[in-house]
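Colleague: Attaching a single structure in structure tokens format; questions to follow.
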Amino acid sequence: MAKLTELFSEFNVAAERLEGAYKVLQEKVERANLSYGFGPLVGRTDGMKEIYEIIRAVAKSRASVLVYGESGTGKELVSRAIHYESNCKDKPFISINCAAISEGLLESELFGHEKGAFTGALEKRKGKFELANGGTLLLDEISEMGLMLQAKLLRVLQEFRFFRVGGSEEIKVDVRIIATTNLNPKEAIEKQKLREDLFYRLNVVSVNIPPLRERKEDIPVLAAYFLRKYSTFYNKQVNSISTDALKILLNYNWPGNVRELENVIERAVILNSSPSVLTSHLNLSNNSSEVQLNGLIGLSLEEIEKKVIIETLKKNNGNRTNTAKMLKVSIRTIREKIRQYKKDGEIID
Ligand SMILES: Nc1ncnc2c1ncn2[C@@H]1O[C@H](COP(=O)(O)OP(=O)(O)OP(=O)(O)O)[C@@H](O)[C@H]1O
Ligand SMILES: [Mg+2]
């Protein structure tokens with residue numbers, strides 16, 4: 001009996017030690033992850049680390065979250081990370097792209113409908129709110145939703161009670177809402193793309209993902225990550241990026257953000273038959289009109305033309321012939337434009 005007790009306590013000690021070792025190992029893994037990224041998110045600049053902090057903090061609550069940032073910055077990935085860090089990770093994550101569904105259909109997609117509610121409603125159907133019950137509903141591109149439906153959505157978000165289209169039975173759900181937009185929310189409100197009251201309801205916590213050109217230090221780790229991903233996927237032995245190619249990646253402005261970088265690396269892996277990504281595989285040009293695209297939104301066509309011509313002139317150190325060639329217009333057009341801009345005081349010789 002004494003022997004058995006002794007064995008048992010030895011076993012306990014060993015088990016404790018094992019548990020301790022496991023915790024240390026787990027911490028190490030977590031730290032390694034932290035220095036590289038967070039969950040599915042890669043990047044270790046301060047801007048991204050702040051986002052990881054917000055995700056970690058907000059995940060444990062049921063608060064609504066508004067994720068915004070330019071196209072391709074990772075809004076959907078951040079939304080997923082919030083869900084999978086939460087206590088509801090085993091419950092559904094349902095997303096709906098408000099830009100892809102016509103205004104008329106969106107309401108029944110969100111709230112469901114009863115049989116015969118409208119022409120074509122042949123069967124009763126649950127909406128995304130019901131499907132997401134207990135989990136997370138991602139309202140992607142919320143600023144593309146019509147203002148009337150935004151008002152209805154706001155009412156539902158007060159109590160999480162609603163009726164299916166054509167229904168009389170009130171349905172109650174418990175859903176965390178994450179909404180995304182690629183507009184700046186304040187601008188979206190000004191342009192009447194987003195109702196202010198809905199904004200305040202959604203914006204309990206907000207995550208603003210910076211564009212890639214403002215966190216260029218993340219480019220090498222992201223590029224390495226995509227390189228590994230696609231060389232495994234395509235079963236290729238491409239495992240490095242040449243210094244010159246990396247320089248190009250760092251100097252480019254990435255108007256399409258991380259999605260564009262991912263596509264560039266995928267294409268480089270497909271086209272490559274050497275072990276390293278070279279400049280010739282990249283096919284990137286820092287064309288000024290492409291670079292400045294995000295800064296052009298809201299300008300008139302005339303202002304855009306002026307901006308592009310002046311930028312291209314600067315790029316060519318004032319050389320009109322090269323500017324005309326680059327913009328595929330006659331040199332006369334360029335001369336005339338310059339004369340006009342000088343008159344307006346836009347160019348000073
Ligand atoms: N930090 C990141 N780490 C790894 N992959 C990323 C990161 N950010 C974005 N991606 C990848 O880039 C692509 C675009 O990301 P995502 O769809 O989340 O962007 P988005 O902001 O929702 O874009 P859009 O506004 O066009 O809908 C995806 O393939 C995603 O996996
Ligand atoms: Mg998206």
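Residues are referred to by chain and number: the chain letter is A, B, ... according to the order shown in the structure tokens, the number counts from 1 in that chain, and ligands are numbered separately from 1 in the order shown.
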Taking only C-alpha atoms and all ligand atoms into account, which residues are within 9 Å of ligand 2, as number ranges by chain?
Modeller: A: 71-77, 97, 140-141, 180-182
Colleague: Assign secondary structure with DSSP using the backbone only, and return the residues of segment 12-167 of chain A in helix (DSSP H, G or I) as a PyMOL selection string.
Modeller: chain A and resi 12-36+46-59+75-85+103-111+128-131+142-144+147-159
Colleague: Determine, counting only C-alpha atoms, which protein, DNA and RNA residues have an atom within 7 Å of an atom of Arg164 of chain A; residues of the same chain fewer than 2 positions away are not included. Present the result as a PyMOL selection string.
Modeller: chain A and resi 111-114+162+166-167
Colleague: Please identify the strand (DSSP E) residues within segment 173-348 of chain A (assignment by DSSP from backbone atoms) and present them as a PyMOL selection string.
Modeller: chain A and resi 176-181+205-208+240-241+276-277
Colleague: What do you get as an mmCIF file with N, CA, C and O atoms, in the first residue's frame if you pick all residues at most 10 Å from ligand 1, counting only C-alpha atoms and all ligand atoms?
Modeller:
data_model
loop_
_atom_site.group_PDB
_atom_site.id
_atom_site.type_symbol
_atom_site.label_atom_id
_atom_site.label_comp_id
_atom_site.auth_asym_id
_atom_site.auth_seq_id
_atom_site.Cartn_x
_atom_site.Cartn_y
_atom_site.Cartn_z
ATOM 1 N N TYR A 36 6.058 37.413 -34.776
ATOM 2 C CA TYR A 36 5.875 37.253 -36.207
ATOM 3 C C TYR A 36 4.519 37.765 -36.656
ATOM 4 O O TYR A 36 4.377 38.390 -37.698
ATOM 5 N N GLY A 37 3.518 37.533 -35.815
ATOM 6 C CA GLY A 37 2.167 37.934 -36.159
ATOM 7 C C GLY A 37 1.216 37.481 -35.084
ATOM 8 O O GLY A 37 1.605 37.298 -33.939
ATOM 9 N N PHE A 38 -0.036 37.273 -35.467
ATOM 10 C CA PHE A 38 -1.043 36.894 -34.487
ATOM 11 C C PHE A 38 -2.098 36.068 -35.200
ATOM 12 O O PHE A 38 -2.742 36.559 -36.126
ATOM 13 N N GLY A 39 -2.239 34.808 -34.784
ATOM 14 C CA GLY A 39 -3.193 33.932 -35.470
ATOM 15 C C GLY A 39 -2.886 33.915 -36.956
ATOM 16 O O GLY A 39 -1.742 33.710 -37.355
ATOM 17 N N PRO A 40 -3.879 34.191 -37.785
ATOM 18 C CA PRO A 40 -3.627 34.141 -39.224
ATOM 19 C C PRO A 40 -2.950 35.410 -39.737
ATOM 20 O O PRO A 40 -2.601 35.495 -40.919
ATOM 21 N N LEU A 41 -2.772 36.399 -38.866
ATOM 22 C CA LEU A 41 -2.247 37.696 -39.315
ATOM 23 C C LEU A 41 -0.735 37.755 -39.205
ATOM 24 O O LEU A 41 -0.165 37.419 -38.162
ATOM 25 N N VAL A 42 -0.109 38.169 -40.279
ATOM 26 C CA VAL A 42 1.345 38.297 -40.297
ATOM 27 C C VAL A 42 1.689 39.784 -40.241
ATOM 28 O O VAL A 42 0.999 40.607 -40.850
ATOM 29 N N GLY A 43 2.753 40.108 -39.522
ATOM 30 C CA GLY A 43 3.176 41.511 -39.422
ATOM 31 C C GLY A 43 3.566 41.830 -38.000
ATOM 32 O O GLY A 43 2.967 41.298 -37.055
ATOM 33 N N ARG A 44 4.607 42.634 -37.851
ATOM 34 C CA ARG A 44 5.043 42.932 -36.483
ATOM 35 C C ARG A 44 5.373 44.401 -36.289
ATOM 36 O O ARG A 44 6.144 44.767 -35.414
ATOM 37 N N MET A 48 0.456 47.036 -36.420
ATOM 38 C CA MET A 48 -0.180 45.715 -36.365
ATOM 39 C C MET A 48 -0.251 45.204 -34.931
ATOM 40 O O MET A 48 -1.239 44.591 -34.538
ATOM 41 N N VAL A 67 -14.507 47.475 -38.373
ATOM 42 C CA VAL A 67 -13.141 47.325 -38.902
ATOM 43 C C VAL A 67 -13.066 48.123 -40.195
ATOM 44 O O VAL A 67 -13.850 47.886 -41.108
ATOM 45 N N TYR A 68 -12.151 49.072 -40.270
ATOM 46 C CA TYR A 68 -12.057 49.821 -41.515
ATOM 47 C C TYR A 68 -10.612 49.983 -41.975
ATOM 48 O O TYR A 68 -9.673 49.887 -41.192
ATOM 49 N N GLY A 69 -10.482 50.199 -43.269
ATOM 50 C CA GLY A 69 -9.160 50.291 -43.882
ATOM 51 C C GLY A 69 -9.342 50.135 -45.381
ATOM 52 O O GLY A 69 -10.379 49.633 -45.837
ATOM 53 N N GLU A 70 -8.314 50.532 -46.133
ATOM 54 C CA GLU A 70 -8.394 50.436 -47.593
ATOM 55 C C GLU A 70 -8.604 48.991 -48.039
ATOM 56 O O GLU A 70 -8.350 48.064 -47.269
ATOM 57 N N SER A 71 -8.970 48.845 -49.310
ATOM 58 C CA SER A 71 -9.187 47.515 -49.860
ATOM 59 C C SER A 71 -7.901 46.685 -49.772
ATOM 60 O O SER A 71 -6.821 47.175 -50.053
ATOM 61 N N GLY A 72 -8.056 45.439 -49.347
ATOM 62 C CA GLY A 72 -6.914 44.517 -49.314
ATOM 63 C C GLY A 72 -6.017 44.645 -48.090
ATOM 64 O O GLY A 72 -4.954 44.028 -48.036
ATOM 65 N N THR A 73 -6.443 45.417 -47.081
ATOM 66 C CA THR A 73 -5.585 45.586 -45.897
ATOM 67 C C THR A 73 -5.737 44.437 -44.902
ATOM 68 O O THR A 73 -4.936 44.303 -43.980
ATOM 69 N N GLY A 74 -6.795 43.624 -45.058
ATOM 70 C CA GLY A 74 -6.960 42.476 -44.150
ATOM 71 C C GLY A 74 -8.157 42.609 -43.216
ATOM 72 O O GLY A 74 -8.164 42.008 -42.135
ATOM 73 N N LYS A 75 -9.189 43.341 -43.647
ATOM 74 C CA LYS A 75 -10.348 43.547 -42.761
ATOM 75 C C LYS A 75 -11.062 42.237 -42.454
ATOM 76 O O LYS A 75 -11.474 42.004 -41.331
ATOM 77 N N GLU A 76 -11.181 41.386 -43.491
ATOM 78 C CA GLU A 76 -11.884 40.130 -43.252
ATOM 79 C C GLU A 76 -11.058 39.219 -42.336
ATOM 80 O O GLU A 76 -11.598 38.576 -41.434
ATOM 81 N N LEU A 77 -9.758 39.234 -42.553
ATOM 82 C CA LEU A 77 -8.875 38.395 -41.741
ATOM 83 C C LEU A 77 -8.917 38.825 -40.272
ATOM 84 O O LEU A 77 -8.966 37.989 -39.369
ATOM 85 N N VAL A 78 -8.924 40.139 -40.047
ATOM 86 C CA VAL A 78 -9.012 40.660 -38.675
ATOM 87 C C VAL A 78 -10.348 40.237 -38.056
ATOM 88 O O VAL A 78 -10.399 39.797 -36.897
ATOM 89 N N SER A 79 -11.417 40.318 -38.842
ATOM 90 C CA SER A 79 -12.737 39.937 -38.327
ATOM 91 C C SER A 79 -12.752 38.465 -37.914
ATOM 92 O O SER A 79 -13.286 38.104 -36.864
ATOM 93 N N ARG A 80 -12.154 37.643 -38.756
ATOM 94 C CA ARG A 80 -12.091 36.214 -38.427
ATOM 95 C C ARG A 80 -11.260 35.978 -37.167
ATOM 96 O O ARG A 80 -11.603 35.154 -36.316
ATOM 97 N N ASN A 97 -21.763 39.865 -47.752
ATOM 98 C CA ASN A 97 -21.166 41.013 -48.430
ATOM 99 C C ASN A 97 -22.283 41.928 -48.921
ATOM 100 O O ASN A 97 -22.990 41.611 -49.867
ATOM 101 N N ALA A 99 -22.215 44.561 -50.500
ATOM 102 C CA ALA A 99 -22.031 45.162 -51.820
ATOM 103 C C ALA A 99 -22.441 44.187 -52.928
ATOM 104 O O ALA A 99 -22.778 44.596 -54.031
ATOM 105 N N ASP A 140 -20.059 42.696 -44.176
ATOM 106 C CA ASP A 140 -18.937 43.188 -44.963
ATOM 107 C C ASP A 140 -19.384 44.342 -45.852
ATOM 108 O O ASP A 140 -20.429 44.242 -46.500
ATOM 109 N N GLU A 141 -18.581 45.403 -45.904
ATOM 110 C CA GLU A 141 -18.881 46.586 -46.725
ATOM 111 C C GLU A 141 -20.242 47.183 -46.369
ATOM 112 O O GLU A 141 -21.095 47.384 -47.224
ATOM 113 N N THR A 180 -17.529 45.948 -41.643
ATOM 114 C CA THR A 180 -16.318 46.502 -42.253
ATOM 115 C C THR A 180 -16.695 47.548 -43.296
ATOM 116 O O THR A 180 -17.786 47.523 -43.856
ATOM 117 N N THR A 181 -15.770 48.439 -43.530
ATOM 118 C CA THR A 181 -15.920 49.378 -44.649
ATOM 119 C C THR A 181 -14.536 49.795 -45.137
ATOM 120 O O THR A 181 -13.602 49.866 -44.329
ATOM 121 N N ASN A 182 -14.408 50.034 -46.448
ATOM 122 C CA ASN A 182 -13.101 50.530 -46.897
ATOM 123 C C ASN A 182 -13.098 52.050 -47.036
ATOM 124 O O ASN A 182 -12.168 52.629 -47.575
ATOM 125 N N LEU A 183 -14.162 52.674 -46.511
ATOM 126 C CA LEU A 183 -14.166 54.145 -46.449
ATOM 127 C C LEU A 183 -13.790 54.561 -45.034
ATOM 128 O O LEU A 183 -13.960 53.791 -44.095
ATOM 129 N N ILE A 209 -7.170 49.552 -39.874
ATOM 130 C CA ILE A 209 -5.969 48.863 -40.375
ATOM 131 C C ILE A 209 -5.199 49.801 -41.303
ATOM 132 O O ILE A 209 -5.743 50.253 -42.313
ATOM 133 N N PRO A 211 -2.807 51.257 -44.231
ATOM 134 C CA PRO A 211 -2.411 50.717 -45.543
ATOM 135 C C PRO A 211 -0.986 50.176 -45.483
ATOM 136 O O PRO A 211 -0.191 50.601 -44.640
ATOM 137 N N LEU A 212 -0.672 49.261 -46.394
ATOM 138 C CA LEU A 212 0.648 48.609 -46.377
ATOM 139 C C LEU A 212 1.779 49.620 -46.552
ATOM 140 O O LEU A 212 2.849 49.474 -45.978
ATOM 141 N N ASP A 218 6.662 45.606 -42.642
ATOM 142 C CA ASP A 218 5.989 44.305 -42.681
ATOM 143 C C ASP A 218 6.149 43.607 -44.031
ATOM 144 O O ASP A 218 5.837 42.421 -44.145
ATOM 145 N N ILE A 219 6.602 44.348 -45.046
ATOM 146 C CA ILE A 219 6.658 43.763 -46.397
ATOM 147 C C ILE A 219 7.548 42.502 -46.443
ATOM 148 O O ILE A 219 7.114 41.472 -46.957
ATOM 149 N N VAL A 221 8.392 40.269 -44.112
ATOM 150 C CA VAL A 221 7.802 39.085 -43.449
ATOM 151 C C VAL A 221 6.570 38.589 -44.199
ATOM 152 O O VAL A 221 6.356 37.375 -44.331
ATOM 153 N N LEU A 222 5.783 39.536 -44.706
ATOM 154 C CA LEU A 222 4.597 39.124 -45.474
ATOM 155 C C LEU A 222 5.021 38.405 -46.749
ATOM 156 O O LEU A 222 4.477 37.358 -47.105
ATOM 157 N N ALA A 223 6.042 38.975 -47.435
ATOM 158 C CA ALA A 223 6.508 38.373 -48.687
ATOM 159 C C ALA A 223 7.042 36.961 -48.411
ATOM 160 O O ALA A 223 6.730 36.012 -49.156
ATOM 161 N N TYR A 225 6.210 35.012 -45.978
ATOM 162 C CA TYR A 225 5.064 34.165 -45.625
ATOM 163 C C TYR A 225 4.331 33.677 -46.884
ATOM 164 O O TYR A 225 4.045 32.493 -47.041
ATOM 165 N N PHE A 226 4.075 34.608 -47.826
ATOM 166 C CA PHE A 226 3.365 34.225 -49.054
ATOM 167 C C PHE A 226 4.229 33.325 -49.937
ATOM 168 O O PHE A 226 3.727 32.446 -50.616
ATOM 169 N N GLY A 256 -3.070 48.266 -53.789
ATOM 170 C CA GLY A 256 -3.982 47.148 -53.472
ATOM 171 C C GLY A 256 -3.616 46.449 -52.172
ATOM 172 O O GLY A 256 -4.134 45.372 -51.863
ATOM 173 N N ASN A 257 -2.665 47.048 -51.439
ATOM 174 C CA ASN A 257 -2.279 46.567 -50.108
ATOM 175 C C ASN A 257 -1.853 45.100 -50.074
ATOM 176 O O ASN A 257 -1.274 44.625 -51.037
ATOM 177 N N VAL A 258 -2.166 44.395 -48.956
ATOM 178 C CA VAL A 258 -1.611 43.045 -48.772
ATOM 179 C C VAL A 258 -2.102 42.091 -49.861
ATOM 180 O O VAL A 258 -1.366 41.226 -50.316
ATOM 181 N N ARG A 259 -3.352 42.296 -50.320
ATOM 182 C CA ARG A 259 -3.863 41.406 -51.373
ATOM 183 C C ARG A 259 -2.988 41.509 -52.619
ATOM 184 O O ARG A 259 -2.658 40.503 -53.245
ATOM 185 N N GLU A 260 -2.566 42.723 -52.958
ATOM 186 C CA GLU A 260 -1.734 42.919 -54.147
ATOM 187 C C GLU A 260 -0.377 42.234 -53.953
ATOM 188 O O GLU A 260 0.130 41.568 -54.857
ATOM 189 N N LEU A 261 0.193 42.391 -52.750
ATOM 190 C CA LEU A 261 1.482 41.743 -52.471
ATOM 191 C C LEU A 261 1.346 40.221 -52.596
ATOM 192 O O LEU A 261 2.193 39.547 -53.195
ATOM 193 N N GLU A 262 0.258 39.705 -52.054
ATOM 194 C CA GLU A 262 0.024 38.255 -52.126
ATOM 195 C C GLU A 262 -0.049 37.802 -53.591
ATOM 196 O O GLU A 262 0.581 36.816 -53.980
ATOM 197 N N ASN A 263 -0.780 38.568 -54.429
ATOM 198 C CA ASN A 263 -0.904 38.211 -55.841
ATOM 199 C C ASN A 263 0.441 38.280 -56.560
ATOM 200 O O ASN A 263 0.754 37.430 -57.401
#
Colleague: Provide the atom CA of Ile334 of chain A to atom CA of Thr321 of chain A distance in Å, to one decimal place.
Modeller: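 So the answer is 8.5 Å.
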Colleague: Return the single residue from A:Leu66, A:Ala14, A:Leu301, A:Ala179 that is closest to Ser206 of chain A, with distances computed using only C-alpha atoms.
Modeller: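 The shortest atom-to-atom distance to Ser206 of chain A comes from A:Leu66.
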